[in-house]
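What follows is target-v7.csv (CSV, C-alpha atoms).
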```csv
chain,number,residue,atom,x,y,z
A,276,MET,CA,24.7,105.0,76.9
A,277,ALA,CA,26.8,107.0,79.4
A,278,LYS,CA,25.0,108.7,82.3
A,279,LEU,CA,24.4,112.4,81.6
A,280,PHE,CA,26.3,114.8,83.9
A,281,ARG,CA,24.5,118.0,85.0
A,282,ALA,CA,26.4,120.7,86.9
A,283,ALA,CA,26.1,124.4,87.8
A,284,ILE,CA,28.6,127.1,88.8
A,285,MET,CA,27.9,129.9,91.3
A,286,GLY,CA,29.8,132.9,92.3
A,287,PRO,CA,29.6,136.7,92.8
A,288,PRO,CA,30.3,139.2,90.0
A,289,GLY,CA,33.9,139.0,88.9
A,290,SER,CA,34.6,135.6,90.5
A,291,GLY,CA,35.8,134.1,87.3
A,292,LYS,CA,32.7,131.9,86.6
A,293,GLY,CA,32.9,132.5,82.8
A,294,THR,CA,36.6,131.7,82.6
A,295,ILE,CA,36.3,128.5,84.6
A,296,SER,CA,33.1,127.5,82.8
A,297,LYS,CA,34.7,127.7,79.4
A,298,ARG,CA,37.7,125.6,80.7
A,299,ILE,CA,35.2,123.0,82.1
A,300,ALA,CA,33.3,122.9,78.8
A,301,GLN,CA,36.5,122.4,76.7
A,302,SER,CA,38.1,119.9,79.1
A,303,PHE,CA,35.1,117.7,79.8
A,304,GLY,CA,32.9,118.2,76.8
A,305,LEU,CA,30.0,119.7,78.8
A,306,LEU,CA,27.6,122.1,77.0
A,307,TYR,CA,28.1,125.5,78.5
A,308,LEU,CA,24.8,127.2,79.2
A,309,SER,CA,25.1,130.9,80.3
A,310,SER,CA,21.9,132.6,81.4
A,311,GLY,CA,23.4,135.9,80.4
A,312,HIS,CA,24.0,134.6,76.9
A,313,TYR,CA,20.4,133.5,76.5
A,314,LEU,CA,19.0,136.7,77.9
A,315,ARG,CA,21.0,138.7,75.3
A,316,GLU,CA,20.1,136.2,72.5
A,317,SER,CA,16.3,136.4,73.3
A,318,MET,CA,16.4,140.2,73.4
A,319,ALA,CA,18.3,140.3,70.0
A,320,ALA,CA,15.8,137.9,68.5
A,321,LYS,CA,12.9,140.0,69.8
A,322,THR,CA,11.1,136.8,71.0
A,323,GLU,CA,8.2,137.2,73.3
A,324,ALA,CA,10.4,136.3,76.3
A,325,GLY,CA,13.1,138.7,74.9
A,326,VAL,CA,10.8,141.7,74.7
A,327,LEU,CA,9.8,141.0,78.3
A,328,VAL,CA,13.4,140.6,79.4
A,329,LYS,CA,14.3,143.9,77.7
A,330,SER,CA,11.6,145.7,79.6
A,331,TYR,CA,13.3,144.8,82.9
A,332,VAL,CA,16.9,145.2,81.7
A,333,GLU,CA,16.1,148.7,80.4
A,334,ARG,CA,14.8,149.7,83.8
A,335,SER,CA,17.9,148.1,85.5
A,336,MET,CA,15.7,145.6,87.2
A,337,LEU,CA,16.4,142.0,87.8
A,338,VAL,CA,14.6,139.6,85.5
A,339,PRO,CA,11.8,137.9,87.6
A,340,ASP,CA,12.1,134.2,88.5
A,341,HIS,CA,9.2,133.1,86.3
A,342,VAL,CA,10.7,134.7,83.2
A,343,MET,CA,14.2,133.4,83.9
A,344,THR,CA,12.9,129.9,84.7
A,345,GLY,CA,10.7,129.8,81.6
A,346,LEU,CA,13.6,130.9,79.4
A,347,MET,CA,16.2,128.5,80.8
A,348,LEU,CA,14.0,125.4,81.2
A,349,SER,CA,12.8,125.7,77.6
A,350,ARG,CA,16.5,125.8,76.6
A,351,LEU,CA,17.4,122.8,78.7
A,352,GLU,CA,14.5,120.9,77.1
A,353,GLN,CA,16.2,121.5,73.7
A,354,VAL,CA,19.5,119.9,74.9
A,355,SER,CA,18.0,117.1,77.0
A,356,GLY,CA,20.4,114.6,75.5
A,357,HIS,CA,23.5,116.4,76.5
A,358,SER,CA,25.6,116.8,79.7
A,359,TRP,CA,25.7,120.5,80.6
A,360,LEU,CA,27.1,123.2,82.9
A,361,LEU,CA,24.8,126.1,84.0
A,362,ASP,CA,26.2,129.5,84.7
A,363,GLY,CA,24.0,132.2,86.2
A,364,PHE,CA,21.0,129.8,86.7
A,365,PRO,CA,19.6,128.9,89.2
A,366,ARG,CA,20.3,132.3,90.9
A,367,THR,CA,17.5,132.1,93.5
A,368,LEU,CA,15.9,129.4,95.6
A,369,THR,CA,12.7,129.6,93.5
A,370,GLN,CA,14.7,129.0,90.3
A,371,ALA,CA,16.6,126.1,92.0
A,372,GLN,CA,13.4,124.5,93.1
A,373,ALA,CA,11.9,124.8,89.6
A,374,LEU,CA,15.1,123.2,88.1
A,375,ASN,CA,15.1,120.4,90.7
A,376,ASN,CA,11.6,119.4,89.7
A,377,LEU,CA,13.0,118.4,86.3
A,378,TYR,CA,16.7,117.7,86.7
A,379,GLN,CA,18.9,116.5,89.6
A,380,LEU,CA,22.3,118.2,89.6
A,381,ASP,CA,25.4,116.0,90.0
A,382,LEU,CA,27.7,118.9,91.1
A,383,VAL,CA,27.4,122.5,92.1
A,384,ILE,CA,30.6,124.6,92.2
A,385,SER,CA,30.6,127.7,94.4
A,386,LEU,CA,33.4,130.2,94.0
A,387,ASN,CA,34.4,132.2,97.2
A,388,ILE,CA,36.6,135.1,96.1
A,389,PRO,CA,37.7,137.9,98.6
A,390,TYR,CA,36.1,141.3,98.2
A,391,GLU,CA,39.4,143.1,97.4
A,392,THR,CA,40.1,140.7,94.5
A,393,LEU,CA,36.6,141.2,93.1
A,394,ARG,CA,36.9,145.0,93.3
A,395,GLU,CA,40.3,144.9,91.5
A,396,ARG,CA,39.0,142.6,88.7
A,397,LEU,CA,35.8,144.6,88.1
A,398,SER,CA,37.4,148.0,88.1
A,399,ASP,CA,39.5,146.6,85.1
A,400,ARG,CA,36.5,144.9,83.4
A,401,TRP,CA,35.2,146.3,80.1
A,402,ILE,CA,32.3,144.8,78.1
A,403,HIS,CA,31.2,144.7,74.5
A,404,PRO,CA,27.5,145.3,75.1
A,405,ALA,CA,26.1,143.7,71.9
A,406,SER,CA,27.8,140.3,72.4
A,407,GLY,CA,28.5,140.3,76.1
A,408,ARG,CA,32.3,139.7,75.4
A,409,VAL,CA,34.2,140.6,78.6
A,410,TYR,CA,37.8,142.0,78.7
A,411,ASN,CA,40.0,142.6,81.7
A,412,LEU,CA,42.8,145.2,81.4
A,413,GLY,CA,44.9,143.1,83.9
A,414,PHE,CA,44.9,139.7,82.2
A,415,ASN,CA,42.7,139.7,79.1
A,416,PRO,CA,43.0,143.2,77.5
A,417,PRO,CA,41.5,144.0,74.1
A,418,ARG,CA,44.0,144.2,71.2
A,419,ALA,CA,43.1,147.8,70.6
A,420,GLN,CA,42.4,149.9,73.7
A,421,GLY,CA,38.7,150.4,74.3
A,422,LYS,CA,37.7,148.4,71.2
A,423,ASP,CA,36.1,145.0,70.8
A,424,ASP,CA,38.6,142.5,69.1
A,425,ILE,CA,36.0,141.2,66.6
A,426,THR,CA,33.8,144.2,65.7
A,427,GLY,CA,36.0,147.1,66.6
A,428,GLU,CA,33.0,148.7,68.4
A,429,PRO,CA,33.6,150.6,71.6
A,430,LEU,CA,33.7,148.8,75.0
A,431,ILE,CA,31.9,150.1,78.0
A,432,GLN,CA,32.2,149.8,81.8
A,433,HIS,CA,29.0,148.9,83.6
A,434,ASP,CA,28.0,151.4,86.3
A,435,ASP,CA,27.5,148.5,88.7
A,436,ASP,CA,31.1,147.3,88.1
A,437,LYS,CA,32.3,150.5,89.7
A,438,PRO,CA,33.5,150.2,93.4
A,439,GLU,CA,30.6,152.2,94.9
A,440,ALA,CA,28.0,149.9,93.4
A,441,LEU,CA,30.0,146.6,93.9
A,442,MET,CA,29.5,146.3,97.6
A,443,ALA,CA,25.7,146.5,97.2
A,444,ARG,CA,25.8,143.9,94.4
A,445,LEU,CA,27.9,141.5,96.5
A,446,ARG,CA,25.6,141.9,99.5
A,447,HIS,CA,22.6,141.1,97.2
A,448,TYR,CA,24.4,138.1,95.7
A,449,LYS,CA,25.2,136.7,99.2
A,450,ASP,CA,21.6,137.2,100.4
A,451,VAL,CA,20.1,135.5,97.3
A,452,ALA,CA,22.7,132.8,96.9
A,453,LYS,CA,22.8,131.6,100.5
A,454,PRO,CA,19.5,129.6,100.4
A,455,VAL,CA,20.6,128.1,97.1
A,456,ILE,CA,24.0,127.1,98.4
A,457,ASP,CA,22.3,125.6,101.5
A,458,LEU,CA,20.0,123.6,99.4
A,459,TYR,CA,22.8,122.0,97.4
A,460,LYS,CA,24.9,121.6,100.5
A,461,SER,CA,22.1,119.6,102.1
A,462,ARG,CA,22.0,117.4,98.9
A,463,GLY,CA,25.7,116.7,99.1
A,464,VAL,CA,26.5,118.1,95.7
A,465,LEU,CA,28.1,121.4,96.7
A,466,HIS,CA,31.8,122.0,96.4
A,467,SER,CA,33.2,125.4,97.4
A,468,PHE,CA,36.5,126.8,96.1
A,469,SER,CA,38.3,129.8,97.8
A,470,GLY,CA,41.2,131.8,96.4
A,471,THR,CA,42.3,134.9,94.6
A,472,ASP,CA,43.7,133.4,91.4
A,473,THR,CA,41.6,131.5,88.9
A,474,ASP,CA,44.7,129.7,87.6
A,475,ARG,CA,45.4,128.4,91.1
A,476,ILE,CA,41.8,127.3,91.7
A,477,TRP,CA,41.4,125.6,88.3
A,478,PRO,CA,43.6,122.5,89.0
A,479,TYR,CA,41.4,121.7,92.0
A,480,ILE,CA,38.2,122.0,90.0
A,481,ASN,CA,39.8,120.0,87.2
A,482,SER,CA,40.7,117.2,89.6
A,483,LEU,CA,37.2,117.2,91.2
A,484,LEU,CA,35.5,116.9,87.8
A,485,SER,CA,37.9,114.2,86.6
A,486,THR,CA,36.8,112.2,89.7
A,487,LYS,CA,33.1,113.0,89.5
A,488,MET,CA,32.6,112.2,85.9
A,489,HIS,CA,33.9,108.7,86.4
A,490,THR,CA,32.2,107.9,89.7
A,491,GLN,CA,28.8,108.4,91.3
A,492,PRO,CA,28.4,111.7,93.1
A,493,SER,CA,29.5,111.5,96.8
A,494,ASP,CA,27.2,112.4,99.7
A,495,THR,CA,29.6,114.9,101.2
A,496,CYS,CA,30.1,118.6,100.8
A,497,HIS,CA,33.7,119.8,100.5
A,498,THR,CA,35.5,123.1,100.7
A,499,HIS,CA,38.7,123.6,98.8
A,500,THR,CA,41.1,126.4,99.5
A,501,PRO,CA,44.2,126.4,97.3
```

Could you write out this file's structure as structure tokens?
Amino acid sequence: MAKLFRAAIMGPPGSGKGTISKRIAQSFGLLYLSSGHYLRESMAAKTEAGVLVKSYVERSMLVPDHVMTGLMLSRLEQVSGHSWLLDGFPRTLTQAQALNNLYQLDLVISLNIPYETLRERLSDRWIHPASGRVYNLGFNPPRAQGKDDITGEPLIQHDDDKPEALMARLRHYKDVAKPVIDLYKSRGVLHSFSGTDTDRIWPYINSLLSTKMHTQPSDTCHTHTP
């Protein structure tokens, strides 16, 4: 049986994680596991975890590590026979350590996108709240302005996607992500990609994964700047 491949992708809000993750999943057959998707799913299903998650989300608070870890690790247990790509987890060092107790990651992709690019992308970003579907007026607009393609329901713009809130979100992301990035760098599985255009970054990620999935992980950390 082929060795299972476990990977994670990290990046600030608007860095293109979702777009790249879906391309990776389609190109390499990895199961795409988005923490945001499971948070919404658990809230919609009104599970015990979902009710707890909703109590934090409604107060605009971050979901605590122990809740997030419990939700994601139980999901990973259900797909233990699959190769997968995590998006949005682990977000903190505590979450990374809990994950490492059960699974060794083969690859962690970190996206470094300039602030101006993130600001432009997020000012154009509109969301269908019920499903989490994301539209971008610049490169992925809805078919009808302000409406979700599938349900026709209204799209919203998150307050924290607005420029005045974005700087605080980015600062928070950097503070929380740095120890996680340092951990994976020390393990030799971190690969960083810098650039302003997802389509220009993608060939480098595609090439890296093509190599990684046919060889053992290397012991070096690389930075890629298209």

query = Which distance in Å separates atom CA of A:His466 and atom CA of A:Val383, to one decimal?
reply = 6.2 Å

note = Restricting to only C-alpha atoms, whichever of A:Lys321, A:Arg298, A:Arg350, A:Arg394 is closest to A:Ala443 is A:Arg394

Proximity to A:Gly293 - best of A:Thr473, A:Ser406, A:Gln370, A:Gln379, all atoms listed in the file = A:Thr473

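Compared by their closest atoms to A:Gly463, and using only C-alpha atoms, the residues A:Leu397, A:Ile384, A:Gly421, A:Pro416 rank with A:Ile384 nearest.
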
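Residues in contact with A:Leu445 at 9 Å, where all atoms listed in the file are counted and same-chain residues fewer than 5 positions away are skipped, are listed as A:Pro287, A:Pro288, A:Tyr390, A:Ala440, A:Asp450.
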
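You will find atom CA of A:Leu279 at 14.8 Å from atom CA of A:Thr486.
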
Among the residues A:Leu337, A:Pro404, A:Ala283, A:Gln353, the one that comes closest to A:Ala319 [using all atoms listed in the file] = A:Pro404

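Closest to A:Ile284 among A:Arg366, A:Lys487, A:His447, A:His312 is A:Arg366, based on all atoms listed in the file.
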
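Using all atoms listed in the file, the contacts of A:Val342 at a cut-off of 10 Å, with sequence neighbours closer than 2 positions omitted, comprise Ala324, Gly325, Leu327, Val328, Val338, Pro339, Asp340, Thr344, Gly345, Leu346, Met347 and Gln370 of chain A.
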
query = When you draw a straight line from atom CA of A:Arg396 to atom CA of A:Ser290, how long is it in Å?
reply = 8.5 Å

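Closest approach to A:Ala300 among A:Ile431, A:Ala320, A:Leu360, A:Val451 is made by A:Leu360 (distances from only C-alpha atoms).
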
request  = Taking the point (36.9, 128.7, 82.9) as given in the file, collect each protein or nucleic acid residue that comes within 12 Å of it, counting only C-alpha atoms, and present the set as a PyMOL selection string.
outcome  = chain A and resi 284+290-303+307+360+362+384+386+472-478+480-481

message = When you look at A:Gly356 with a cut-off of 12 Å (counting only C-alpha atoms), what residues show up, excluding the ones that are within fewer than 3 positions of it in the same chain? I need them as a ChimeraX atom specification.
response = /A:276-281,305-306,350-353,359

Can you rebuild stretch 467-483 of chain A with N, CA and C atoms and give it as a CSV table (one decimal), keeping the file's coordinate frame?
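See selection_33.csv below for the written result:
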```csv
chain,number,residue,atom,x,y,z
A,467,SER,N,32.8,124.0,97.4
A,467,SER,CA,33.2,125.4,97.4
A,467,SER,C,34.7,125.5,97.2
A,468,PHE,N,35.1,126.5,96.4
A,468,PHE,CA,36.5,126.8,96.1
A,468,PHE,C,36.8,128.3,96.5
A,469,SER,N,37.9,128.4,97.3
A,469,SER,CA,38.3,129.8,97.8
A,469,SER,C,39.7,130.1,97.2
A,470,GLY,N,39.9,131.4,96.9
A,470,GLY,CA,41.2,131.8,96.4
A,470,GLY,C,41.1,133.1,95.7
A,471,THR,N,42.2,133.6,95.3
A,471,THR,CA,42.3,134.9,94.6
A,471,THR,C,42.7,134.8,93.2
A,472,ASP,N,43.1,133.6,92.8
A,472,ASP,CA,43.7,133.4,91.4
A,472,ASP,C,43.0,132.3,90.7
A,473,THR,N,42.3,132.6,89.6
A,473,THR,CA,41.6,131.5,88.9
A,473,THR,C,42.5,130.4,88.4
A,474,ASP,N,43.7,130.7,88.0
A,474,ASP,CA,44.7,129.7,87.6
A,474,ASP,C,45.1,128.7,88.7
A,475,ARG,N,45.0,129.2,89.9
A,475,ARG,CA,45.4,128.4,91.1
A,475,ARG,C,44.2,127.6,91.5
A,476,ILE,N,43.0,128.1,91.3
A,476,ILE,CA,41.8,127.3,91.7
A,476,ILE,C,41.5,126.2,90.7
A,477,TRP,N,41.8,126.5,89.4
A,477,TRP,CA,41.4,125.6,88.3
A,477,TRP,C,41.9,124.2,88.5
A,478,PRO,N,43.1,123.9,88.9
A,478,PRO,CA,43.6,122.5,89.0
A,478,PRO,C,42.7,121.7,90.0
A,479,TYR,N,42.2,122.3,91.1
A,479,TYR,CA,41.4,121.7,92.0
A,479,TYR,C,40.0,121.3,91.4
A,480,ILE,N,39.5,122.2,90.6
A,480,ILE,CA,38.2,122.0,90.0
A,480,ILE,C,38.3,120.9,88.9
A,481,ASN,N,39.5,121.0,88.2
A,481,ASN,CA,39.8,120.0,87.2
A,481,ASN,C,39.9,118.6,87.8
A,482,SER,N,40.5,118.5,88.9
A,482,SER,CA,40.7,117.2,89.6
A,482,SER,C,39.3,116.7,90.1
A,483,LEU,N,38.6,117.6,90.7
A,483,LEU,CA,37.2,117.2,91.2
A,483,LEU,C,36.4,116.6,90.0
```
